[in-house]
file input.pdb (PDB, C-alpha atoms and all ligand atoms)
MODEL        1
ATOM      1  CA  MET A 449      91.820 124.908 116.465
ATOM      2  CA  THR A 450      88.278 125.184 115.190
ATOM      3  CA  SER A 451      86.757 121.895 114.248
ATOM      4  CA  ILE A 452      84.865 121.752 110.962
ATOM      5  CA  ILE A 453      83.672 118.146 111.202
ATOM      6  CA  SER A 454      82.722 116.503 114.504
ATOM      7  CA  ILE A 455      82.193 112.787 114.556
ATOM      8  CA  SER A 456      81.005 111.131 117.744
ATOM      9  CA  ASN A 457      80.518 107.496 118.547
ATOM     10  CA  LEU A 458      79.949 106.688 114.918
ATOM     11  CA  SER A 459      79.216 103.049 114.134
ATOM     12  CA  LYS A 460      78.138 101.354 110.948
ATOM     13  CA  THR A 461      76.983  97.779 110.575
ATOM     14  CA  TYR A 462      76.140  96.794 107.001
ATOM     15  CA  GLU A 463      73.229  94.540 106.158
ATOM     16  CA  GLY A 464      74.625  91.077 106.551
ATOM     17  CA  GLY A 465      76.166  92.010 109.891
ATOM     18  CA  HIS A 466      79.633  93.327 109.036
ATOM     19  CA  GLN A 467      80.619  96.102 111.419
ATOM     20  CA  ALA A 468      82.622  98.496 109.268
ATOM     21  CA  LEU A 469      82.914 101.328 111.831
ATOM     22  CA  LYS A 470      83.182 100.906 115.589
ATOM     23  CA  ARG A 471      82.410 103.961 117.725
ATOM     24  CA  VAL A 472      84.609 106.378 115.845
ATOM     25  CA  ASN A 473      85.281 109.752 117.473
ATOM     26  CA  LEU A 474      87.111 112.363 115.476
ATOM     27  CA  ASP A 475      87.288 116.127 115.167
ATOM     28  CA  ILE A 476      88.628 117.421 111.891
ATOM     29  CA  ASN A 477      90.214 120.851 112.117
ATOM     30  CA  LYS A 478      89.342 123.667 109.821
ATOM     31  CA  GLY A 479      91.997 124.130 107.160
ATOM     32  CA  GLU A 480      93.997 120.995 107.844
ATOM     33  CA  ILE A 481      95.039 118.157 105.594
ATOM     34  CA  LEU A 482      94.124 114.919 107.312
ATOM     35  CA  ALA A 483      95.292 111.628 105.860
ATOM     36  CA  LEU A 484      93.384 108.477 106.744
ATOM     37  CA  LEU A 485      95.564 105.417 106.544
ATOM     38  CA  GLY A 486      94.403 101.860 106.822
ATOM     39  CA  PRO A 487      94.652  98.520 105.074
ATOM     40  CA  ASN A 488      92.049  97.324 102.541
ATOM     41  CA  GLY A 489      88.666  96.953 104.141
ATOM     42  CA  ALA A 490      89.586  99.034 107.218
ATOM     43  CA  GLY A 491      86.522 101.269 106.888
ATOM     44  CA  LYS A 492      87.977 104.419 105.297
ATOM     45  CA  THR A 493      85.484 104.643 102.427
ATOM     46  CA  THR A 494      82.636 103.825 104.778
ATOM     47  CA  LEU A 495      83.650 106.696 107.045
ATOM     48  CA  ILE A 496      83.826 109.129 104.132
ATOM     49  CA  SER A 497      80.539 107.836 102.726
ATOM     50  CA  VAL A 498      78.740 108.366 106.016
ATOM     51  CA  ILE A 499      80.047 111.924 106.337
ATOM     52  CA  CYS A 500      78.977 112.647 102.742
ATOM     53  CA  GLY A 501      75.523 111.174 103.308
ATOM     54  CA  LEU A 502      75.947 108.238 100.924
ATOM     55  CA  VAL A 503      75.764 105.576 103.624
ATOM     56  CA  SER A 504      73.533 105.900 106.662
ATOM     57  CA  PRO A 505      75.140 105.407 110.058
ATOM     58  CA  THR A 506      73.857 102.731 112.438
ATOM     59  CA  SER A 507      74.508 104.961 115.451
ATOM     60  CA  GLY A 508      76.403 108.074 116.420
ATOM     61  CA  THR A 509      76.418 111.577 114.985
ATOM     62  CA  VAL A 510      78.322 113.692 112.493
ATOM     63  CA  ALA A 511      78.130 117.475 112.262
ATOM     64  CA  VAL A 512      79.626 119.364 109.334
ATOM     65  CA  ASN A 513      80.225 123.021 110.068
ATOM     66  CA  GLY A 514      77.578 122.643 112.762
ATOM     67  CA  PHE A 515      75.012 120.950 110.500
ATOM     68  CA  ASP A 516      73.918 117.450 111.436
ATOM     69  CA  ILE A 517      74.351 115.151 108.424
ATOM     70  CA  ILE A 518      70.897 113.662 108.862
ATOM     71  CA  GLU A 519      68.724 116.456 110.247
ATOM     72  CA  ASN A 520      70.382 119.112 108.129
ATOM     73  CA  TYR A 521      71.554 116.997 105.246
ATOM     74  CA  ARG A 522      71.382 119.638 102.526
ATOM     75  CA  HIS A 523      73.372 122.245 104.441
ATOM     76  CA  ALA A 524      75.894 119.660 105.575
ATOM     77  CA  ARG A 525      76.335 118.259 102.088
ATOM     78  CA  GLU A 526      76.819 121.591 100.352
ATOM     79  CA  GLN A 527      79.937 122.194 102.451
ATOM     80  CA  ILE A 528      81.526 119.101 100.960
ATOM     81  CA  GLY A 529      83.158 118.097  97.691
ATOM     82  CA  LEU A 530      83.810 114.416  97.171
ATOM     83  CA  VAL A 531      86.276 112.871  94.754
ATOM     84  CA  PRO A 532      85.331 109.204  94.708
ATOM     85  CA  GLN A 533      87.688 106.296  94.261
ATOM     86  CA  GLU A 534      86.076 105.055  91.062
ATOM     87  CA  LEU A 535      86.122 107.027  87.816
ATOM     88  CA  THR A 536      82.392 107.622  87.592
ATOM     89  CA  LEU A 537      81.669 109.943  84.678
ATOM     90  CA  ALA A 538      79.112 109.962  81.898
ATOM     91  CA  ALA A 539      80.982 109.148  78.685
ATOM     92  CA  PHE A 540      79.249 111.554  76.299
ATOM     93  CA  ASP A 541      79.106 114.630  78.526
ATOM     94  CA  ARG A 542      81.530 117.441  77.878
ATOM     95  CA  VAL A 543      83.920 118.737  80.525
ATOM     96  CA  PHE A 544      82.586 122.262  80.973
ATOM     97  CA  ASP A 545      78.931 121.158  80.860
ATOM     98  CA  THR A 546      79.607 118.541  83.523
ATOM     99  CA  LEU A 547      80.919 121.202  85.876
ATOM    100  CA  ARG A 548      78.029 123.574  85.204
ATOM    101  CA  PHE A 549      75.589 120.779  85.862
ATOM    102  CA  SER A 550      77.291 119.697  89.092
ATOM    103  CA  ARG A 551      77.310 123.266  90.374
ATOM    104  CA  GLY A 552      73.619 123.568  89.543
ATOM    105  CA  LEU A 553      72.819 120.431  91.508
ATOM    106  CA  PHE A 554      73.939 122.216  94.644
ATOM    107  CA  GLY A 555      71.665 125.122  93.876
ATOM    108  CA  LYS A 556      74.564 127.505  93.262
ATOM    109  CA  LYS A 557      74.191 130.381  90.815
ATOM    110  CA  PRO A 558      76.021 129.842  87.518
ATOM    111  CA  ASP A 559      79.567 131.215  87.613
ATOM    112  CA  ASP A 560      81.454 130.397  84.438
ATOM    113  CA  ALA A 561      84.386 132.597  85.455
ATOM    114  CA  TYR A 562      84.938 130.449  88.563
ATOM    115  CA  LEU A 563      84.647 127.233  86.584
ATOM    116  CA  GLU A 564      87.051 128.562  83.959
ATOM    117  CA  GLN A 565      89.647 129.320  86.634
ATOM    118  CA  LEU A 566      89.094 125.886  88.166
ATOM    119  CA  LEU A 567      89.729 124.174  84.847
ATOM    120  CA  LYS A 568      92.800 126.314  84.258
ATOM    121  CA  ASP A 569      94.171 125.425  87.710
ATOM    122  CA  LEU A 570      93.695 121.768  86.890
ATOM    123  CA  SER A 571      95.288 122.120  83.434
ATOM    124  CA  LEU A 572      92.028 121.126  81.788
ATOM    125  CA  TRP A 573      91.009 124.348  80.113
ATOM    126  CA  ASN A 574      92.038 123.163  76.649
ATOM    127  CA  LYS A 575      89.763 120.140  77.179
ATOM    128  CA  LYS A 576      86.691 122.098  78.196
ATOM    129  CA  ASP A 577      84.693 121.010  75.151
ATOM    130  CA  SER A 578      85.969 117.424  75.023
ATOM    131  CA  GLU A 579      83.700 114.500  75.630
ATOM    132  CA  LEU A 580      84.680 112.714  78.808
ATOM    133  CA  ARG A 581      85.195 109.425  76.986
ATOM    134  CA  ALA A 582      87.955 111.088  74.954
ATOM    135  CA  LEU A 583      90.054 111.892  78.046
ATOM    136  CA  SER A 584      92.887 109.866  79.527
ATOM    137  CA  GLY A 585      92.483 108.292  82.977
ATOM    138  CA  GLY A 586      94.566 111.050  84.558
ATOM    139  CA  MET A 587      92.469 113.762  82.927
ATOM    140  CA  LYS A 588      89.287 112.063  84.094
ATOM    141  CA  ARG A 589      90.648 112.146  87.613
ATOM    142  CA  ARG A 590      91.237 115.875  87.295
ATOM    143  CA  VAL A 591      87.687 116.303  86.009
ATOM    144  CA  LEU A 592      86.443 114.491  89.105
ATOM    145  CA  ILE A 593      88.347 116.967  91.263
ATOM    146  CA  ALA A 594      86.962 119.896  89.273
ATOM    147  CA  LYS A 595      83.472 118.445  89.608
ATOM    148  CA  ALA A 596      83.890 118.049  93.360
ATOM    149  CA  LEU A 597      84.982 121.685  93.605
ATOM    150  CA  SER A 598      82.386 123.087  91.226
ATOM    151  CA  HIS A 599      80.112 124.302  94.043
ATOM    152  CA  GLN A 600      82.996 125.894  96.008
ATOM    153  CA  PRO A 601      82.907 123.584  99.035
ATOM    154  CA  ASN A 602      84.856 124.269 102.248
ATOM    155  CA  ILE A 603      85.803 120.641 102.617
ATOM    156  CA  LEU A 604      87.211 118.251 100.060
ATOM    157  CA  PHE A 605      87.326 114.480 100.434
ATOM    158  CA  LEU A 606      89.690 112.584  98.200
ATOM    159  CA  ASP A 607      89.241 108.825  98.348
ATOM    160  CA  GLU A 608      92.526 107.309  97.205
ATOM    161  CA  PRO A 609      93.187 110.078  94.708
ATOM    162  CA  THR A 610      96.478 108.708  93.487
ATOM    163  CA  ALA A 611      95.604 105.032  93.084
ATOM    164  CA  GLY A 612      96.751 103.998  89.619
ATOM    165  CA  VAL A 613      98.027 107.470  88.803
ATOM    166  CA  ASP A 614     101.460 108.047  87.267
ATOM    167  CA  VAL A 615     104.245 109.876  89.079
ATOM    168  CA  GLU A 616     103.775 113.136  87.181
ATOM    169  CA  LEU A 617     100.064 113.339  87.859
ATOM    170  CA  ARG A 618     100.584 112.374  91.460
ATOM    171  CA  LYS A 619     102.957 115.330  91.874
ATOM    172  CA  ASP A 620     100.412 117.627  90.213
ATOM    173  CA  MET A 621      97.717 116.256  92.450
ATOM    174  CA  TRP A 622      99.629 117.130  95.597
ATOM    175  CA  GLN A 623     100.342 120.573  94.235
ATOM    176  CA  ILE A 624      96.630 121.039  93.665
ATOM    177  CA  VAL A 625      95.882 119.817  97.185
ATOM    178  CA  ASN A 626      98.426 122.217  98.693
ATOM    179  CA  LYS A 627      97.026 125.123  96.706
ATOM    180  CA  LEU A 628      93.529 124.295  97.865
ATOM    181  CA  ARG A 629      94.640 124.118 101.452
ATOM    182  CA  ASP A 630      96.287 127.521 101.065
ATOM    183  CA  SER A 631      92.937 128.853  99.892
ATOM    184  CA  GLY A 632      91.348 127.621 103.139
ATOM    185  CA  VAL A 633      89.808 124.318 102.046
ATOM    186  CA  THR A 634      89.952 121.470 104.586
ATOM    187  CA  ILE A 635      91.171 118.287 102.958
ATOM    188  CA  ILE A 636      90.645 114.703 104.014
ATOM    189  CA  LEU A 637      92.258 112.026 101.933
ATOM    190  CA  THR A 638      92.672 108.306 102.126
ATOM    191  CA  THR A 639      95.778 106.753 100.762
ATOM    192  CA  HIS A 640      97.770 103.567 100.683
ATOM    193  CA  TYR A 641     100.885 105.544  99.864
ATOM    194  CA  ILE A 642     102.187 106.170 103.311
ATOM    195  CA  GLU A 643     105.135 108.210 102.144
ATOM    196  CA  GLU A 644     102.658 110.626 100.630
ATOM    197  CA  ALA A 645     100.765 110.996 103.888
ATOM    198  CA  GLU A 646     104.164 111.649 105.385
ATOM    199  CA  GLN A 647     104.832 114.411 102.875
ATOM    200  CA  ILE A 648     101.495 116.095 102.621
ATOM    201  CA  ALA A 649      99.349 115.623 105.727
ATOM    202  CA  ASP A 650      99.237 117.795 108.823
ATOM    203  CA  ARG A 651      97.634 114.979 110.804
ATOM    204  CA  VAL A 652      97.358 111.296 110.221
ATOM    205  CA  GLY A 653      94.572 108.991 111.364
ATOM    206  CA  VAL A 654      95.076 105.248 111.382
ATOM    207  CA  ILE A 655      92.017 103.044 110.890
ATOM    208  CA  ASN A 656      92.036  99.307 111.224
ATOM    209  CA  ASP A 657      89.098  96.935 111.275
ATOM    210  CA  GLY A 658      86.593  99.758 111.767
ATOM    211  CA  GLU A 659      88.441 101.346 114.671
ATOM    212  CA  LEU A 660      90.232 104.645 114.621
ATOM    213  CA  LEU A 661      93.399 103.548 116.378
ATOM    214  CA  LEU A 662      94.822 107.019 116.664
ATOM    215  CA  VAL A 663      94.924 110.405 115.107
ATOM    216  CA  ASP A 664      97.833 112.676 115.727
ATOM    217  CA  ASP A 665     100.020 115.361 114.338
ATOM    218  CA  LYS A 666     102.288 113.758 111.808
ATOM    219  CA  VAL A 667     105.379 115.170 113.475
ATOM    220  CA  ASN A 668     104.288 113.999 116.960
ATOM    221  CA  LEU A 669     103.401 110.615 115.628
ATOM    222  CA  MET A 670     106.792 110.137 114.128
ATOM    223  CA  GLN A 671     108.556 111.417 117.221
ATOM    224  CA  GLU A 672     106.541 109.495 119.758
ATOM    225  CA  LEU A 673     106.152 106.222 117.988
ATOM    226  CA  GLY A 674     109.248 106.492 115.903
ATOM    227  CA  ARG A 675     112.276 104.478 116.779
ATOM    228  CA  LYS A 676     115.767 105.095 115.696
ATOM    229  CA  GLN A 677     118.248 102.514 114.692
ATOM    230  CA  LEU A 678     121.956 102.733 115.028
ATOM    231  CA  ILE A 679     123.749 100.592 112.513
ATOM    232  CA  ILE A 680     127.240  99.682 113.576
ATOM    233  CA  GLU A 681     129.412  98.389 110.784
ATOM    234  CA  LEU A 682     132.075  96.062 112.158
ATOM    235  CA  LYS A 683     135.709  95.866 111.096
ATOM    236  CA  GLU A 684     135.602  92.078 111.326
ATOM    237  CA  PRO A 685     132.422  89.983 111.118
ATOM    238  CA  ILE A 686     131.273  88.116 114.247
ATOM    239  CA  ASN A 687     129.260  84.857 114.558
ATOM    240  CA  LYS A 688     127.131  85.868 117.478
ATOM    241  CA  ILE A 689     126.514  88.682 119.901
ATOM    242  CA  PRO A 690     128.781  88.184 122.956
ATOM    243  CA  ALA A 691     126.969  87.318 126.199
ATOM    244  CA  SER A 692     128.420  90.445 127.833
ATOM    245  CA  MET A 693     126.337  92.535 125.385
ATOM    246  CA  ALA A 694     123.089  90.580 125.736
ATOM    247  CA  SER A 695     121.400  93.341 127.750
ATOM    248  CA  HIS A 696     121.380  95.707 124.750
ATOM    249  CA  ALA A 697     118.573  95.526 122.163
ATOM    250  CA  LEU A 698     120.870  94.276 119.444
ATOM    251  CA  HIS A 699     120.399  92.377 116.242
ATOM    252  CA  LEU A 700     123.231  90.877 114.235
ATOM    253  CA  SER A 701     122.925  91.027 110.452
ATOM    254  CA  ASP A 702     122.980  87.668 108.635
ATOM    255  CA  ASP A 703     126.458  88.230 107.288
ATOM    256  CA  GLY A 704     127.772  89.173 110.750
ATOM    257  CA  HIS A 705     129.057  92.519 109.491
ATOM    258  CA  GLU A 706     126.537  94.787 111.192
ATOM    259  CA  LEU A 707     125.124  95.212 114.654
ATOM    260  CA  ILE A 708     121.750  96.940 114.620
ATOM    261  CA  TYR A 709     120.730  98.718 117.784
ATOM    262  CA  THR A 710     117.143  99.955 118.156
ATOM    263  CA  TYR A 711     116.374 102.693 120.639
ATOM    264  CA  ASP A 712     113.518 104.927 121.627
ATOM    265  CA  THR A 713     113.891 108.544 120.542
ATOM    266  CA  GLN A 714     111.879 109.668 123.573
ATOM    267  CA  GLY A 715     113.823 107.617 126.116
ATOM    268  CA  LYS A 716     115.795 109.343 128.880
ATOM    269  CA  SER A 717     119.052 108.058 127.523
ATOM    270  CA  THR A 718     119.752 106.224 124.323
ATOM    271  CA  GLY A 719     122.120 103.699 125.883
ATOM    272  CA  ILE A 720     124.567 104.214 123.059
ATOM    273  CA  THR A 721     127.517 105.169 125.260
ATOM    274  CA  ALA A 722     127.139 102.020 127.371
ATOM    275  CA  LEU A 723     126.766  99.925 124.255
ATOM    276  CA  LEU A 724     129.927 101.294 122.682
ATOM    277  CA  GLN A 725     131.809 100.780 125.937
ATOM    278  CA  ASP A 726     130.627  97.135 126.153
ATOM    279  CA  MET A 727     131.630  96.632 122.535
ATOM    280  CA  HIS A 728     135.065  97.979 123.252
ATOM    281  CA  ASN A 729     135.404  95.705 126.326
ATOM    282  CA  ALA A 730     134.376  92.705 124.195
ATOM    283  CA  GLY A 731     137.141  93.554 121.726
ATOM    284  CA  ILE A 732     134.815  94.355 118.834
ATOM    285  CA  SER A 733     135.978  97.222 116.621
ATOM    286  CA  MET A 734     133.725  99.236 114.405
ATOM    287  CA  LYS A 735     134.303 100.622 110.956
ATOM    288  CA  ASP A 736     131.385 103.010 110.646
ATOM    289  CA  LEU A 737     128.186 104.208 112.331
ATOM    290  CA  ASN A 738     124.844 105.161 110.782
ATOM    291  CA  THR A 739     121.438 106.045 112.162
ATOM    292  CA  THR A 740     118.009 105.620 110.568
ATOM    293  CA  GLN A 741     114.674 106.983 111.755
ATOM    294  CA  SER A 742     111.634 104.762 111.350
ATOM    295  CA  SER A 743     109.197 105.960 108.737
ATOM    296  CA  LEU A 744     105.467 106.365 109.011
ATOM    297  CA  GLN A 745     105.327 103.060 107.179
ATOM    298  CA  ASP A 746     107.058 101.238 110.055
ATOM    299  CA  ILE A 747     104.877 102.996 112.609
ATOM    300  CA  PHE A 748     101.753 102.090 110.702
ATOM    301  CA  VAL A 749     102.696  98.442 110.294
ATOM    302  CA  ASN A 750     103.542  98.177 113.997
ATOM    303  CA  LEU A 751     100.240  99.742 115.023
ATOM    304  CA  VAL A 752      98.114  97.585 112.774
ATOM    305  CA  GLN A 753      99.959  94.440 113.797
ATOM    306  CA  ALA A 754      99.626  95.271 117.483
ATOM    307  CA  ASP A 755      95.871  95.610 116.961
ATOM    308  CA  ARG A 756      95.490  92.093 115.544
TER     309      ARG A 756
HETATM  310  N1  LIG B   1      77.708  98.017 100.882
HETATM  311  C1  LIG B   1      78.338  97.154 101.670
HETATM  312  N2  LIG B   1      77.700  96.077 102.177
HETATM  313  C2  LIG B   1      78.322  95.219 103.004
HETATM  314  N3  LIG B   1      79.615  95.363 103.406
HETATM  315  C3  LIG B   1      80.301  96.414 102.952
HETATM  316  C4  LIG B   1      79.700  97.355 102.051
HETATM  317  N4  LIG B   1      80.627  98.308 101.767
HETATM  318  C5  LIG B   1      81.743  97.946 102.438
HETATM  319  N5  LIG B   1      81.557  96.825 103.148
HETATM  320  C6  LIG B   1      82.538  96.143 104.021
HETATM  321  O1  LIG B   1      82.930  97.056 105.040
HETATM  322  C7  LIG B   1      84.319  96.953 105.290
HETATM  323  C8  LIG B   1      84.972  98.309 105.122
HETATM  324  O2  LIG B   1      84.963  98.665 103.730
HETATM  325  P1  LIG B   1      85.515 100.059 103.201
HETATM  326  O3  LIG B   1      85.244 100.117 101.748
HETATM  327  O4  LIG B   1      84.984 101.134 104.065
HETATM  328  O5  LIG B   1      87.075  99.894 103.477
HETATM  329  P2  LIG B   1      88.312 100.775 102.983
HETATM  330  O6  LIG B   1      89.134 101.030 104.197
HETATM  331  O7  LIG B   1      87.836 101.941 102.228
HETATM  332  O8  LIG B   1      89.067  99.764 102.047
HETATM  333  P3  LIG B   1      89.921 100.008 100.688
HETATM  334  O9  LIG B   1      91.228 100.553 101.142
HETATM  335  O10 LIG B   1      90.044  98.624 100.169
HETATM  336  O11 LIG B   1      89.153 100.922  99.822
HETATM  337  C9  LIG B   1      84.857  95.873 104.342
HETATM  338  O12 LIG B   1      84.929  94.668 105.047
HETATM  339  C10 LIG B   1      83.801  95.814 103.250
HETATM  340  O13 LIG B   1      83.714  94.514 102.710
ENDMDL
END
call {"tool": "encode", "arguments": {"input": "input.pdb", "output": "structure tokens", "more": "lines below"}}
Ligand SMILES: Nc1ncnc2c1ncn2[C@@H]1O[C@H](COP(=O)(O)OP(=O)(O)OP(=O)(O)O)[C@@H](O)[C@H]1O
result
Amino acid sequence: MTSIISISNLSKTYEGGHQALKRVNLDINKGEILALLGPNGAGKTTLISVICGLVSPTSGTVAVNGFDIIENYRHAREQIGLVPQELTLAAFDRVFDTLRFSRGLFGKKPDDAYLEQLLKDLSLWNKKDSELRALSGGMKRRVLIAKALSHQPNILFLDEPTAGVDVELRKDMWQIVNKLRDSGVTIILTTHYIEEAEQIADRVGVINDGELLLVDDKVNLMQELGRKQLIIELKEPINKIPASMASHALHLSDDGHELIYTYDTQGKSTGITALLQDMHNAGISMKDLNTTQSSLQDIFVNLVQADR
């Protein structure tokens, strides 16, 4: 894997003393979709802002495609497109002009054909002459994406792209992201919608209180940290788990109808055979069996809670 962004020992303490990033080390791979997950105030926007040169780091280094973000700011920055969290657009500007202007800011030659295709891909072509104030929130968000891509960057940051966006637009957004990835763009997004990280990301990084707790392949993460549950539906409800079954990691549902057994997917043996045998010996009969795999949501909550 070739890394396109290298972050080492990055720390940021804001004026006033709040430490928003604590020695973050991270290599972002070329062409991947990386989702950064973390609760409010975890430091996600700060991390993105430092990489994009909007916030200066207190210590540590970041290189973008080999260019140091401070010593080689201009080269580093031109690799990057940033879609900010807030809808920041000038009300009276028109869509196409906004893109031309943005492209020009990066010193790129005019290329109306590219911008036309971009607007078509984002279903905005019929709005090219509209004033930005006349667009819906969802359209404005698309314009922000178009603006971020106007100078043909290799890397796209999306800071909570789907916050407050309806289901349809969210689907479109992920389609756009996938298409961009297919064209070779590296994508880093922050999201509170864990199920989306689960669907779209190749790797997931978890940030909490300024620390990058882990970053891993989504599939690995779910396998290694994921737990499975076996839900045993009982023929007859029971009041409590018999003492002879106390050694199993069991939980009895409130209504006494279900025994829930949690086991590690990576363990040598699941312990299910022994459990079923002990159940049989205790005279408990089952009606049905179901398994559930923990979601990224459960993994995330466990990680963040363990860090507190
Ligand atoms: N300009 C600033 N001055 C002082 N403190 C700041 C500043 N910007 C952010 N912070 C603080 O740094 C911490 C991290 O904020 P940041 O915006 O990076 O979090 P986040 O993970 O993006 O959160 P959210 O999910 O709510 O957007 C927070 O405690 C925030 O209050």
call {"tool": "residues_around", "arguments": {"input": "input.pdb", "residues": "Arg629 in chain A", "least_positions_apart": "3", "cutoff": "10 Å", "atoms": "all atoms listed in the file", "output": "list of chain:residue names"}}
result
A:Lys478, A:Gly479, A:Glu480, A:Ile481, A:Asn602, A:Ile603, A:Leu604, A:Gln623, A:Ile624, A:Val625, A:Asn626, A:Gly632, A:Val633, A:Thr634, A:Ile635
call {"tool": "resolve_selection", "arguments": {"input": "input.pdb", "expression": "the PyMOL selection byres (((not hetatm)) within 10 of (chain B and resi 1))", "output": "number ranges by chain"}}
result
A: 460-469, 484-498, 503, 533, 607-608, 638-640, 655-658
call {"tool": "atom_distance", "arguments": {"input": "input.pdb", "atom1": "CA of Asn477 in chain A", "atom2": "CA of Thr450 in chain A"}}
result
5.7 Å
call {"tool": "resolve_selection", "arguments": {"input": "input.pdb", "expression": "the PyMOL selection byres (((chain A and resi 648) around 10) and not hetatm)", "output": "list in words"}}
result
Ile481, Leu482, Ala483, Trp622, Gln623, Val625, Asn626, Ile642, Glu643, Glu644, Ala645, Glu646, Gln647, Ala649, Asp650, Arg651, Val652 and Lys666 of chain A
call {"tool": "atom_distance", "arguments": {"input": "input.pdb", "atom1": "CA of Asp630 in chain A", "atom2": "CA of Leu566 in chain A"}}
result
14.9 Å
call {"tool": "resolve_selection", "arguments": {"input": "input.pdb", "expression": "the PyMOL selection byres (((chain A and resi 525) around 10) and not hetatm)", "output": "MDAnalysis selection string"}}
result
chainID A and resid 499:501 512 515:518 520:524 526:530 554 601 603
call {"tool": "closest_residue", "arguments": {"input": "input.pdb", "among": "A:Thr740, A:Asn750, A:Asn473, A:Gln677", "to": "Ser454 in chain A", "atoms": "only C-alpha atoms"}}
result
A:Asn473
call {"tool": "axis_aligned_box", "arguments": {"input": "input.pdb", "around": "range 546-549 of chain A", "padding_each_side": "3 Å", "output": "lines of an AutoDock Vina configuration file"}}
result
center_x = 78.3
center_y = 121.1
center_z = 84.7
size_x = 11.3
size_y = 11.0
size_z = 8.4
call {"tool": "atom_distance", "arguments": {"input": "input.pdb", "atom1": "CA of Asn513 in chain A", "atom2": "CA of Ile452 in chain A"}}
result
4.9 Å
call {"tool": "residues_around", "arguments": {"input": "input.pdb", "residues": "Leu737 in chain A", "least_positions_apart": "4", "cutoff": "8 Å", "atoms": "all atoms listed in the file", "output": "list of chain:residue names"}}
result
A:Leu678, A:Ile679, A:Ile680, A:Glu681
call {"tool": "residues_around", "arguments": {"input": "input.pdb", "residues": "Arg471 in chain A", "least_positions_apart": "4", "cutoff": "8 Å", "atoms": "all atoms listed in the file", "output": "PyMOL selection string"}}
result
chain A and resi 456-459+508+659
call {"tool": "closest_residue", "arguments": {"input": "input.pdb", "among": "A:Lys716, A:His705, A:Lys568, A:His599", "to": "Ile689 in chain A", "atoms": "all atoms listed in the file"}}
result
A:His705
call {"tool": "residues_around", "arguments": {"input": "input.pdb", "residues": "Met693 in chain A", "least_positions_apart": "5", "cutoff": "10 Å", "atoms": "only C-alpha atoms", "output": "PDB file with C-alpha atoms, in the coordinates of the input"}}
result
ATOM      1  CA  LEU A 698     120.870  94.276 119.444  1.00  0.00           C
ATOM      2  CA  ALA A 722     127.139 102.020 127.371  1.00  0.00           C
ATOM      3  CA  LEU A 723     126.766  99.925 124.255  1.00  0.00           C
ATOM      4  CA  LEU A 724     129.927 101.294 122.682  1.00  0.00           C
ATOM      5  CA  GLN A 725     131.809 100.780 125.937  1.00  0.00           C
ATOM      6  CA  ASP A 726     130.627  97.135 126.153  1.00  0.00           C
ATOM      7  CA  MET A 727     131.630  96.632 122.535  1.00  0.00           C
ATOM      8  CA  ASN A 729     135.404  95.705 126.326  1.00  0.00           C
ATOM      9  CA  ALA A 730     134.376  92.705 124.195  1.00  0.00           C
TER      10      ALA A 730
END
call {"tool": "closest_residue", "arguments": {"input": "input.pdb", "among": "A:Val613, A:Ala594, A:Leu669, A:Ile636", "to": "Arg548 in chain A", "atoms": "all atoms listed in the file"}}
result
A:Ala594
